[in-house]
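Presented below is the structure to which this report refers.
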Amino acid sequence: MNKNAEFYKLREKLYELRVVFYYFSFTFVKILTKTLYFMKKYMFFTLYFVLIMMQNAIAQTNIEQNKSKDLLSGNKSTIDLMALDSIMYDDEQFNNIYFRFDNRGNIIFHQFGFHKIENTFNEDSLLMEGLFYMWNFDSNAYFMHERTTFSYDNNRNLSEEIQYMFINGAWLSNTKNIYQYTNNLLVKNYSFFFNEETNVWDSSAIVECTYNESNLEQQLIVYNYYNNTFSLSSITNSTYDDNNNLVLTEVLHYESDTILNGYKNSYTYNNNLMVETITELYNYVTSSWVPSNKQEITHNSDGLVVELLTYMYNNNQWNLHRKDSCFYDINNNLNSQQSFINYNEGWYCQNKSNAIFDYNYSAEDMLIPKKSSLLSIYMYPTSYNNMLTHYINSNNYTPDDSNTWAHDTSFYYYSSKSIIVSLPNNIIDNGNELLVYPNPTNDKTIINLSGVTDKLEISIFDIQGKCIEKQIKQPLNGYLETSIDVSNLKKGTYFINLKSNQYKQTKKLIVY
């Protein structure tokens with residue numbers, strides 16, 4: 001079972017330390033497409049365009065007031081959004097996926113295959129407990145298998161999680177993690193397992209993280225506890241360019257302080273778009289790095305991946321192994337993919353997929369639930385700008401017969417959910433016109449406000465009411481204009497709140 005959402009990225013790093021990548025799967029195309037979509041360069045607006053966007057912002061205000069229940073008059077608002085209720089497949093019932101939400105948009109129930117999860121959140125939308133069930137074919141019912149509890153510090157950072165196993169009708173302690181932070185950045189993770197013989201928590205591992213001046217992870221060190229001492233297990237070093245693009249990741253695994261194996265990935269960019277990746281493997285016999293695979297990435301004018309070429313290194317040269325092509329609709333939804341494999345000096349299509357959308361619903365109409373430690377997959381795909389209704393994945397495992405295809409179809413079902421957004425301040429509108437444009441956006445948004453003189457606290461809240469960014473700005477001659485970079489935010493609905501001694505107001509912001 002996965003760990004806490006706020007450290008899911010860290011967990012992925014730990015899992016990666018156990019794996020040597022020989023080549024990336026086609027899933028990388030989807031992830032890369034999503035990542036690169038948010039890296040489009042911000043264009044400065046002419047005065048005429050600013051005036052048009054100001055008109056759009058005023059129109060957006062009217063839409064917000066109609067869609068919500070008077071957000072500006074109190075600290076609660078109800079927003080109706082379309083939420084993904086289930087994903088149905090055209091085969092066995094245990095492949096189907098089901099969700100249930102609370103009125104804050106948190107997923108409190110998730111059933112998938114032979115497992116199901118029940119989550120409990122507090123009024124601040126923090127996950128407090130998760131129950132994990134497995135299917136018992138003998139009793140033809142689910143049975144409790146694992147239970148995880150979570151604790152947080154005053155900054156909403158996870159401070160402790162404890163996992164229990166349900167054995168012989170009782171919950172028995174199993175593992176525990178304790179987290180330490182500096183400036184809200186995770187710096188240490190202590191892992192323990194429960195020793196039933198001694199009835200105490202024994203150390204299992206320590207993870208140490210360091211960051212650069214941009215708060216990007218620079219080094220991750222893992223120590224395993226064995227024979228009453230901690231020994232070095234692995235080191236991950238990351239290097240970034242001046243634009244904070246990751247240019248090198250090096251992972252080394254150790255045994256008795258000797259390098260056992262490792263890999264490193266180097267990344268090349270053009271206008272902040274990744275155009276090449278090279279993977280090398282560590283040869284402990286020669287203490288050298290050996291080329292393994294390479295990818296060349298081509299983008300369209302919108303910065304979306306349209307082709308991915310994968311090379312394998314053998315006979316002292318790069319040999320083209322795979323071709324992946326991506327196609328998009330007019331709304332930049334990834335609606336078709338094709339993968340070709342080099343076979344007998346020729347190319348045959350091994351995999352293809354198609355996505356079908358309901359264009360009556362756009363990104364701003366969709367609820368994008370946050371990840372949790374017990375739920376990190378099967379969410380509404382954030383690389384799509386409209387409602388996904390069908391996904392057809394097709395495979396051909398018979399290279400000599402191009403007409404032999406196996407098709408798997410997924411059906412996505414939604415319903416309208418009334419989500420309560422609670423902001424910590426009594427938000428009121430005292431007449432000053434606040435403009436937020438462009439809105440929707442996926443890059444930067446401009447805040448424009450006149451008639452205020454005091455320092456303004458600008459806060460961004462997600463749909464669960466969590467403050468994810470805060471900054472202080474000083475108006476000049478009663479006028480404020482500033483921009484906020486939202487390119488790192490997930491697609492969804494947010495709220496920008498401005499507050500001073502004499503002024504409070506909020507606006508809804510759509511990030512696509």
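Here's how to read the names in the structure tokens: chain A, B, ... by the order shown, residue numbers from 1 in each chain, ligand numbers from 1 in the order shown.
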
For the structure I just gave you, how does DSSP split range 360-504 of chain A - specifically, which residues are strand (DSSP E)? Reply as number ranges by chain. A: 360-362, 386-395, 406-422, 434-437, 444-450, 456-461, 467-473, 479-485, 492-499, 504

Tell me, as a VMD selection string, which residues lie within 10 Å of Asp485 in chain A, counting only C-alpha atoms; anything in the same chain fewer than 3 positions away does not count. chain A and resid 42 441 to 446 488 to 489

With C-alpha atoms retained, could you export that selection as a compact mmCIF listing (two decimals), in the first residue's frame?
```txt
# COMPACT_ATOMS: atom_id res chain seq x y z
CA TYR A 42 4.81 33.22 -21.04
CA THR A 441 -4.42 30.01 -17.47
CA ASN A 442 -1.66 27.42 -17.29
CA ASP A 443 1.32 29.73 -17.00
CA LYS A 444 1.00 33.05 -15.18
CA THR A 445 -1.93 35.17 -14.07
CA ILE A 446 -1.94 38.92 -13.46
CA ASN A 488 3.60 24.26 -11.23
CA LEU A 489 0.01 23.90 -10.01
```

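Between CA of Asp329 in chain A and CA of His407 in chain A there is a distance of 21.9 Å.
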
Quick one, how far is CA of Thr482 in chain A from CA of Asn439 in chain A?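 Separation between CA of Thr482 in chain A and CA of Asn439 in chain A: 14.5 Å.
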
In Å, with one decimal, what is the gap from CA of Tyr414 in chain A to CA of Cys326 in chain A?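 Rounded to one decimal, the two atoms are 26.3 Å apart.
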
Min atom-atom distance to Asp102 in chain A from the set A:Leu252, A:Leu216, A:Met387, A:Val421, counting only C-alpha atoms, belongs to A:Val421

For Asp324 in chain A, list every protein, DNA or RNA residue within 8 Å, evaluated using only C-alpha atoms, and leave out those in the same chain fewer than 2 positions away; present the list as a PyMOL selection string. chain A and resi 26+307-309+322+326+337-340
